[in-house]
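Colleague: What follows is data-v3.pdb, PDB, C-alpha atoms.
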ATOM      1  CA  MET X   1    -143.784-141.942  13.538  1.00  0.00           C
ATOM      2  CA  ASN X   2    -141.008-139.386  13.223  1.00  0.00           C
ATOM      3  CA  THR X   3    -138.008-140.691  15.127  1.00  0.00           C
ATOM      4  CA  SER X   4    -135.409-138.608  13.322  1.00  0.00           C
ATOM      5  CA  PHE X   5    -135.128-136.198  16.257  1.00  0.00           C
ATOM      6  CA  GLN X   6    -133.801-138.926  18.493  1.00  0.00           C
ATOM      7  CA  LYS X   7    -131.559-140.722  16.061  1.00  0.00           C
ATOM      8  CA  THR X   8    -129.824-138.004  14.079  1.00  0.00           C
ATOM      9  CA  THR X   9    -128.703-135.595  16.765  1.00  0.00           C
ATOM     10  CA  ALA X  10    -125.171-135.951  18.084  1.00  0.00           C
ATOM     11  CA  SER X  11    -126.046-133.832  21.107  1.00  0.00           C
ATOM     12  CA  ASP X  12    -127.816-134.878  24.262  1.00  0.00           C
ATOM     13  CA  GLU X  13    -128.545-131.226  25.056  1.00  0.00           C
ATOM     14  CA  TRP X  14    -131.935-130.003  23.850  1.00  0.00           C
ATOM     15  CA  GLY X  15    -133.417-126.975  25.529  1.00  0.00           C
ATOM     16  CA  THR X  16    -136.995-126.482  26.535  1.00  0.00           C
ATOM     17  CA  PRO X  17    -138.957-123.822  24.680  1.00  0.00           C
ATOM     18  CA  TRP X  18    -139.403-120.767  26.894  1.00  0.00           C
ATOM     19  CA  GLU X  19    -143.188-120.778  26.623  1.00  0.00           C
ATOM     20  CA  ILE X  20    -143.324-124.017  28.623  1.00  0.00           C
ATOM     21  CA  VAL X  21    -141.128-122.734  31.430  1.00  0.00           C
ATOM     22  CA  HIS X  22    -142.845-119.332  31.583  1.00  0.00           C
ATOM     23  CA  ALA X  23    -146.203-121.060  31.985  1.00  0.00           C
ATOM     24  CA  LEU X  24    -144.875-122.934  35.026  1.00  0.00           C
ATOM     25  CA  GLY X  25    -143.505-119.968  36.964  1.00  0.00           C
ATOM     26  CA  GLU X  26    -140.058-119.138  38.251  1.00  0.00           C
ATOM     27  CA  PHE X  27    -137.474-121.729  39.134  1.00  0.00           C
ATOM     28  CA  ASP X  28    -134.427-121.373  41.379  1.00  0.00           C
ATOM     29  CA  LEU X  29    -132.147-123.921  39.693  1.00  0.00           C
ATOM     30  CA  ASP X  30    -131.691-125.589  36.319  1.00  0.00           C
ATOM     31  CA  PRO X  31    -129.208-128.443  36.905  1.00  0.00           C
ATOM     32  CA  CYS X  32    -129.150-129.604  33.248  1.00  0.00           C
ATOM     33  CA  ALA X  33    -128.474-126.362  31.409  1.00  0.00           C
ATOM     34  CA  SER X  34    -126.033-124.872  28.974  1.00  0.00           C
ATOM     35  CA  ASN X  35    -124.623-121.361  29.078  1.00  0.00           C
ATOM     36  CA  ALA X  36    -126.778-120.516  26.064  1.00  0.00           C
ATOM     37  CA  ASN X  37    -129.964-122.177  27.293  1.00  0.00           C
ATOM     38  CA  HIS X  38    -130.789-122.108  31.000  1.00  0.00           C
ATOM     39  CA  LYS X  39    -134.210-121.717  32.572  1.00  0.00           C
ATOM     40  CA  ALA X  40    -133.326-120.431  36.043  1.00  0.00           C
ATOM     41  CA  PRO X  41    -130.976-117.780  37.426  1.00  0.00           C
ATOM     42  CA  ASN X  42    -128.852-120.512  38.994  1.00  0.00           C
ATOM     43  CA  PHE X  43    -127.809-123.316  36.689  1.00  0.00           C
ATOM     44  CA  TYR X  44    -125.301-126.098  36.191  1.00  0.00           C
ATOM     45  CA  THR X  45    -123.832-127.060  32.838  1.00  0.00           C
ATOM     46  CA  LYS X  46    -122.578-130.422  31.658  1.00  0.00           C
ATOM     47  CA  ASP X  47    -119.083-129.396  32.795  1.00  0.00           C
ATOM     48  CA  ASP X  48    -120.391-128.617  36.305  1.00  0.00           C
ATOM     49  CA  ASN X  49    -122.157-132.006  36.523  1.00  0.00           C
ATOM     50  CA  GLY X  50    -125.401-131.209  38.305  1.00  0.00           C
ATOM     51  CA  LEU X  51    -125.545-134.740  39.691  1.00  0.00           C
ATOM     52  CA  ARG X  52    -122.574-134.016  41.933  1.00  0.00           C
ATOM     53  CA  LEU X  53    -123.716-130.609  43.147  1.00  0.00           C
ATOM     54  CA  GLU X  54    -126.329-129.594  45.711  1.00  0.00           C
ATOM     55  CA  TRP X  55    -129.790-128.730  44.449  1.00  0.00           C
ATOM     56  CA  HIS X  56    -131.734-125.949  46.126  1.00  0.00           C
ATOM     57  CA  GLY X  57    -135.166-124.381  45.890  1.00  0.00           C
ATOM     58  CA  ARG X  58    -137.602-125.070  43.087  1.00  0.00           C
ATOM     59  CA  VAL X  59    -135.843-126.996  40.310  1.00  0.00           C
ATOM     60  CA  TRP X  60    -136.503-127.138  36.569  1.00  0.00           C
ATOM     61  CA  CYS X  61    -134.992-130.314  35.101  1.00  0.00           C
ATOM     62  CA  ASN X  62    -134.889-131.228  31.416  1.00  0.00           C
ATOM     63  CA  PRO X  63    -132.304-134.004  31.772  1.00  0.00           C
ATOM     64  CA  PRO X  64    -130.105-135.554  29.119  1.00  0.00           C
ATOM     65  CA  TYR X  65    -132.199-138.330  27.597  1.00  0.00           C
ATOM     66  CA  SER X  66    -129.414-140.885  27.286  1.00  0.00           C
ATOM     67  CA  GLN X  67    -128.750-143.512  29.925  1.00  0.00           C
ATOM     68  CA  PRO X  68    -127.544-143.599  32.639  1.00  0.00           C
ATOM     69  CA  SER X  69    -127.867-139.790  32.904  1.00  0.00           C
ATOM     70  CA  LEU X  70    -131.648-139.806  32.472  1.00  0.00           C
ATOM     71  CA  TYR X  71    -132.201-142.266  35.307  1.00  0.00           C
ATOM     72  CA  ASP X  72    -129.712-140.517  37.585  1.00  0.00           C
ATOM     73  CA  PHE X  73    -131.186-137.038  37.098  1.00  0.00           C
ATOM     74  CA  CYS X  74    -134.730-138.340  37.594  1.00  0.00           C
ATOM     75  CA  GLU X  75    -133.651-140.091  40.776  1.00  0.00           C
ATOM     76  CA  LYS X  76    -131.981-136.921  42.074  1.00  0.00           C
ATOM     77  CA  MET X  77    -135.136-134.904  41.316  1.00  0.00           C
ATOM     78  CA  ALA X  78    -137.244-137.397  43.258  1.00  0.00           C
ATOM     79  CA  GLU X  79    -134.830-137.169  46.197  1.00  0.00           C
ATOM     80  CA  HIS X  80    -134.885-133.356  46.056  1.00  0.00           C
ATOM     81  CA  GLY X  81    -138.693-133.396  46.011  1.00  0.00           C
ATOM     82  CA  ASN X  82    -139.317-129.848  44.758  1.00  0.00           C
ATOM     83  CA  GLY X  83    -139.503-129.210  41.042  1.00  0.00           C
ATOM     84  CA  ILE X  84    -140.735-130.142  37.630  1.00  0.00           C
ATOM     85  CA  LEU X  85    -139.087-132.661  35.353  1.00  0.00           C
ATOM     86  CA  LEU X  86    -139.564-132.853  31.589  1.00  0.00           C
ATOM     87  CA  ILE X  87    -139.167-136.330  30.110  1.00  0.00           C
ATOM     88  CA  PHE X  88    -140.454-138.502  27.314  1.00  0.00           C
ATOM     89  CA  ALA X  89    -143.727-140.232  28.194  1.00  0.00           C
ATOM     90  CA  ARG X  90    -142.408-143.756  27.812  1.00  0.00           C
ATOM     91  CA  THR X  91    -144.316-145.100  30.764  1.00  0.00           C
ATOM     92  CA  GLY X  92    -143.142-148.683  30.506  1.00  0.00           C
ATOM     93  CA  ASN X  93    -139.464-147.928  31.009  1.00  0.00           C
ATOM     94  CA  LYS X  94    -137.410-148.235  34.182  1.00  0.00           C
ATOM     95  CA  VAL X  95    -137.476-144.495  34.987  1.00  0.00           C
ATOM     96  CA  TRP X  96    -141.263-144.417  35.009  1.00  0.00           C
ATOM     97  CA  GLN X  97    -141.694-147.720  36.831  1.00  0.00           C
ATOM     98  CA  GLU X  98    -139.024-147.174  39.505  1.00  0.00           C
ATOM     99  CA  ILE X  99    -139.028-143.396  39.985  1.00  0.00           C
ATOM    100  CA  ILE X 100    -141.944-141.483  38.458  1.00  0.00           C
ATOM    101  CA  PHE X 101    -144.933-143.629  39.378  1.00  0.00           C
ATOM    102  CA  PRO X 102    -143.842-144.430  42.951  1.00  0.00           C
ATOM    103  CA  LYS X 103    -142.271-141.043  43.862  1.00  0.00           C
ATOM    104  CA  ALA X 104    -143.751-138.187  41.786  1.00  0.00           C
ATOM    105  CA  THR X 105    -146.723-136.140  42.955  1.00  0.00           C
ATOM    106  CA  ALA X 106    -148.394-135.623  39.556  1.00  0.00           C
ATOM    107  CA  VAL X 107    -147.824-135.888  35.803  1.00  0.00           C
ATOM    108  CA  LEU X 108    -149.060-133.675  32.993  1.00  0.00           C
ATOM    109  CA  PHE X 109    -149.048-135.710  29.782  1.00  0.00           C
ATOM    110  CA  LEU X 110    -148.628-133.114  27.033  1.00  0.00           C
ATOM    111  CA  ARG X 111    -151.131-133.079  24.183  1.00  0.00           C
ATOM    112  CA  LYS X 112    -148.613-131.879  21.588  1.00  0.00           C
ATOM    113  CA  ARG X 113    -145.050-132.937  20.948  1.00  0.00           C
ATOM    114  CA  ILE X 114    -142.376-130.454  21.903  1.00  0.00           C
ATOM    115  CA  GLN X 115    -140.101-128.711  19.444  1.00  0.00           C
ATOM    116  CA  PHE X 116    -136.885-128.533  21.459  1.00  0.00           C
ATOM    117  CA  ILE X 117    -134.243-125.795  21.123  1.00  0.00           C
ATOM    118  CA  ASP X 118    -130.610-126.515  20.244  1.00  0.00           C
ATOM    119  CA  ASN X 119    -127.662-124.634  21.763  1.00  0.00           C
ATOM    120  CA  GLU X 120    -127.695-122.172  18.865  1.00  0.00           C
ATOM    121  CA  GLY X 121    -131.301-121.236  19.692  1.00  0.00           C
ATOM    122  CA  ASN X 122    -132.848-123.044  16.718  1.00  0.00           C
ATOM    123  CA  ARG X 123    -136.136-124.866  17.155  1.00  0.00           C
ATOM    124  CA  GLY X 124    -136.051-128.442  15.918  1.00  0.00           C
ATOM    125  CA  GLY X 125    -138.815-130.516  14.416  1.00  0.00           C
ATOM    126  CA  SER X 126    -141.272-132.222  16.704  1.00  0.00           C
ATOM    127  CA  ALA X 127    -139.722-134.716  19.088  1.00  0.00           C
ATOM    128  CA  GLY X 128    -140.040-138.365  18.128  1.00  0.00           C
ATOM    129  CA  CYS X 129    -141.994-139.169  21.280  1.00  0.00           C
ATOM    130  CA  ASP X 130    -144.671-137.613  23.473  1.00  0.00           C
ATOM    131  CA  SER X 131    -143.488-135.775  26.587  1.00  0.00           C
ATOM    132  CA  ALA X 132    -144.653-135.281  30.134  1.00  0.00           C
ATOM    133  CA  LEU X 133    -144.102-132.723  32.870  1.00  0.00           C
ATOM    134  CA  VAL X 134    -143.589-134.488  36.187  1.00  0.00           C
ATOM    135  CA  ALA X 135    -144.255-132.593  39.418  1.00  0.00           C
ATOM    136  CA  PHE X 136    -142.569-133.264  42.736  1.00  0.00           C
ATOM    137  CA  GLY X 137    -144.263-131.425  45.590  1.00  0.00           C
ATOM    138  CA  LYS X 138    -147.634-129.737  46.045  1.00  0.00           C
ATOM    139  CA  GLU X 139    -146.489-126.319  44.764  1.00  0.00           C
ATOM    140  CA  ASN X 140    -145.485-127.921  41.496  1.00  0.00           C
ATOM    141  CA  VAL X 141    -148.774-129.780  41.110  1.00  0.00           C
ATOM    142  CA  GLU X 142    -150.504-126.422  41.517  1.00  0.00           C
ATOM    143  CA  ALA X 143    -148.231-124.962  38.814  1.00  0.00           C
ATOM    144  CA  LEU X 144    -149.274-127.758  36.449  1.00  0.00           C
ATOM    145  CA  GLU X 145    -152.946-127.188  37.300  1.00  0.00           C
ATOM    146  CA  ARG X 146    -152.821-123.491  36.383  1.00  0.00           C
ATOM    147  CA  CYS X 147    -150.201-123.478  33.581  1.00  0.00           C
ATOM    148  CA  GLY X 148    -152.615-123.677  30.662  1.00  0.00           C
ATOM    149  CA  ILE X 149    -150.445-126.178  28.781  1.00  0.00           C
ATOM    150  CA  GLU X 150    -152.679-128.620  26.916  1.00  0.00           C
ATOM    151  CA  GLY X 151    -152.642-132.156  28.194  1.00  0.00           C
ATOM    152  CA  LYS X 152    -153.982-134.545  30.803  1.00  0.00           C
ATOM    153  CA  LEU X 153    -153.029-134.043  34.442  1.00  0.00           C
ATOM    154  CA  VAL X 154    -152.835-137.187  36.567  1.00  0.00           C
ATOM    155  CA  VAL X 155    -152.322-136.775  40.309  1.00  0.00           C
ATOM    156  CA  LEU X 156    -150.313-139.650  41.760  1.00  0.00           C
ATOM    157  CA  LYS X 157    -150.254-138.735  45.473  1.00  0.00           C
TER     158      LYS X 157
END
Show me the file's structure as structure tokens.

Modeller:
Amino acid sequence: MNTSFQKTTASDEWGTPWEIVHALGEFDLDPCASNANHKAPNFYTKDDNGLRLEWHGRVWCNPPYSQPSLYDFCEKMAEHGNGILLIFARTGNKVWQEIIFPKATAVLFLRKRIQFIDNEGNRGGSAGCDSALVAFGKENVEALERCGIEGKLVVLK
């Protein structure tokens, strides 16, 4: 298994490839963005701290994967209830057990590993773990159903 993606990067900021976001439709807010890599017209950077600011509309969230940020952003997405979250598909961890399974509406487990984008716009190698798109709200389940991204959709509610 290639784990070099996770262990060699000094950054916690890895952008989502545009083809994933385009397949899911338009979003109103990206609370985990950078100036160089945001997926919605309204976005918060690390300096803004999206955890402390109000979320509005349909949210795209590719959170920092380190703790406690990952847990906190996932929890805020569940509270907001309208958006799609991209996270590693490590279903036995605390985020999945305490937030995703009890609070999400559906999950699309991706068939292929993502090649994330760094802040310079370079595509990295495949991530060291499988990923999932987690929907909160009916509109977002429908987006997963029609997106055409390969994987297995599991409706939770």

Colleague: Would you translate the PyMOL selection byres ((chain X and resi 49) around 12) into the concrete set of residues it matches in this file, as number ranges by chain?

Modeller: X: 30-34, 43-48, 50-55, 63-64, 69, 72-73

Colleague: Would you mind exporting C-alpha atoms of the selected residues as a PDB file, in the frame of the given file?

Modeller:
ATOM      1  CA  ASP X  30    -131.691-125.589  36.319  1.00  0.00           C
ATOM      2  CA  PRO X  31    -129.208-128.443  36.905  1.00  0.00           C
ATOM      3  CA  CYS X  32    -129.150-129.604  33.248  1.00  0.00           C
ATOM      4  CA  ALA X  33    -128.474-126.362  31.409  1.00  0.00           C
ATOM      5  CA  SER X  34    -126.033-124.872  28.974  1.00  0.00           C
ATOM      6  CA  PHE X  43    -127.809-123.316  36.689  1.00  0.00           C
ATOM      7  CA  TYR X  44    -125.301-126.098  36.191  1.00  0.00           C
ATOM      8  CA  THR X  45    -123.832-127.060  32.838  1.00  0.00           C
ATOM      9  CA  LYS X  46    -122.578-130.422  31.658  1.00  0.00           C
ATOM     10  CA  ASP X  47    -119.083-129.396  32.795  1.00  0.00           C
ATOM     11  CA  ASP X  48    -120.391-128.617  36.305  1.00  0.00           C
ATOM     12  CA  GLY X  50    -125.401-131.209  38.305  1.00  0.00           C
ATOM     13  CA  LEU X  51    -125.545-134.740  39.691  1.00  0.00           C
ATOM     14  CA  ARG X  52    -122.574-134.016  41.933  1.00  0.00           C
ATOM     15  CA  LEU X  53    -123.716-130.609  43.147  1.00  0.00           C
ATOM     16  CA  GLU X  54    -126.329-129.594  45.711  1.00  0.00           C
ATOM     17  CA  TRP X  55    -129.790-128.730  44.449  1.00  0.00           C
ATOM     18  CA  PRO X  63    -132.304-134.004  31.772  1.00  0.00           C
ATOM     19  CA  PRO X  64    -130.105-135.554  29.119  1.00  0.00           C
ATOM     20  CA  SER X  69    -127.867-139.790  32.904  1.00  0.00           C
ATOM     21  CA  ASP X  72    -129.712-140.517  37.585  1.00  0.00           C
ATOM     22  CA  PHE X  73    -131.186-137.038  37.098  1.00  0.00           C
TER      23      PHE X  73
END

Colleague: List the residues selected by the PyMOL selection byres ((chain X and resi 113) around 9) in the file shown, writing them as a PyMOL selection string.

Modeller: chain X and resi 110-112+114-115+126-131

Colleague: Using all atoms of region 99-117 of chain X that appear in the file, construct an axis-aligned enclosing box with 6 Å of padding on every side and provide its centre coordinates and edge lengths in Å, rounded to one decimal, as AutoDock Vina command-line options.

Modeller:
--center_x -142.7 --center_y -135.1 --center_z 31.7 --size_x 28.9 --size_y 30.6 --size_z 36.4

Colleague: Around the point (-147.5, -125.4, 42.5) (coordinates from the file), which residues reach within 12 Å if we count only C-alpha atoms? Answer as a CSV table (one decimal) with C-alpha atoms, in the coordinates of the input.

Modeller:
chain,number,residue,atom,x,y,z
X,23,ALA,CA,-146.2,-121.1,32.0
X,24,LEU,CA,-144.9,-122.9,35.0
X,25,GLY,CA,-143.5,-120.0,37.0
X,26,GLU,CA,-140.1,-119.1,38.3
X,27,PHE,CA,-137.5,-121.7,39.1
X,58,ARG,CA,-137.6,-125.1,43.1
X,59,VAL,CA,-135.8,-127.0,40.3
X,82,ASN,CA,-139.3,-129.8,44.8
X,83,GLY,CA,-139.5,-129.2,41.0
X,84,ILE,CA,-140.7,-130.1,37.6
X,105,THR,CA,-146.7,-136.1,43.0
X,106,ALA,CA,-148.4,-135.6,39.6
X,134,VAL,CA,-143.6,-134.5,36.2
X,135,ALA,CA,-144.3,-132.6,39.4
X,136,PHE,CA,-142.6,-133.3,42.7
X,137,GLY,CA,-144.3,-131.4,45.6
X,138,LYS,CA,-147.6,-129.7,46.0
X,139,GLU,CA,-146.5,-126.3,44.8
X,140,ASN,CA,-145.5,-127.9,41.5
X,141,VAL,CA,-148.8,-129.8,41.1
X,142,GLU,CA,-150.5,-126.4,41.5
X,143,ALA,CA,-148.2,-125.0,38.8
X,144,LEU,CA,-149.3,-127.8,36.4
X,145,GLU,CA,-152.9,-127.2,37.3
X,146,ARG,CA,-152.8,-123.5,36.4
X,147,CYS,CA,-150.2,-123.5,33.6

Colleague: I'd like to know which of X:Ala78, X:Trp14, X:Glu98, X:Asn35 is closest to Ser66 (chain X), using only C-alpha atoms.

Modeller: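 When distances to Ser66 (chain X) are compared using only C-alpha atoms, the smallest one comes from X:Trp14.
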
Colleague: In Å to one decimal, how far is CA of Leu108 (chain X) from CA of Glu79 (chain X)?

Modeller: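 Result for CA of Glu79 (chain X) versus CA of Leu108 (chain X): 19.7 Å, one decimal.
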
Colleague: Between CA of Val154 (chain X) and CA of Asn37 (chain X), what is the distance in Å, rounded to a tenth?

Modeller: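 Computed distance, CA of Val154 (chain X) to CA of Asn37 (chain X), equals 28.9 Å.
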
Colleague: Within 6 Å of Leu85 (chain X), counting all atoms listed in the file, which residues qualify if same-chain residues fewer than 4 places away don't, as a list of chain:residue names?

Modeller: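 With the cut-off at 6 Å, the set is X:Cys61, X:Asn62, X:Leu133, X:Val134.
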
Colleague: Pick the closest to Val21 (chain X) from X:Cys74, X:Trp60, X:Ala89, X:Ala36: which is it, counting only C-alpha atoms?

Modeller: X:Trp60
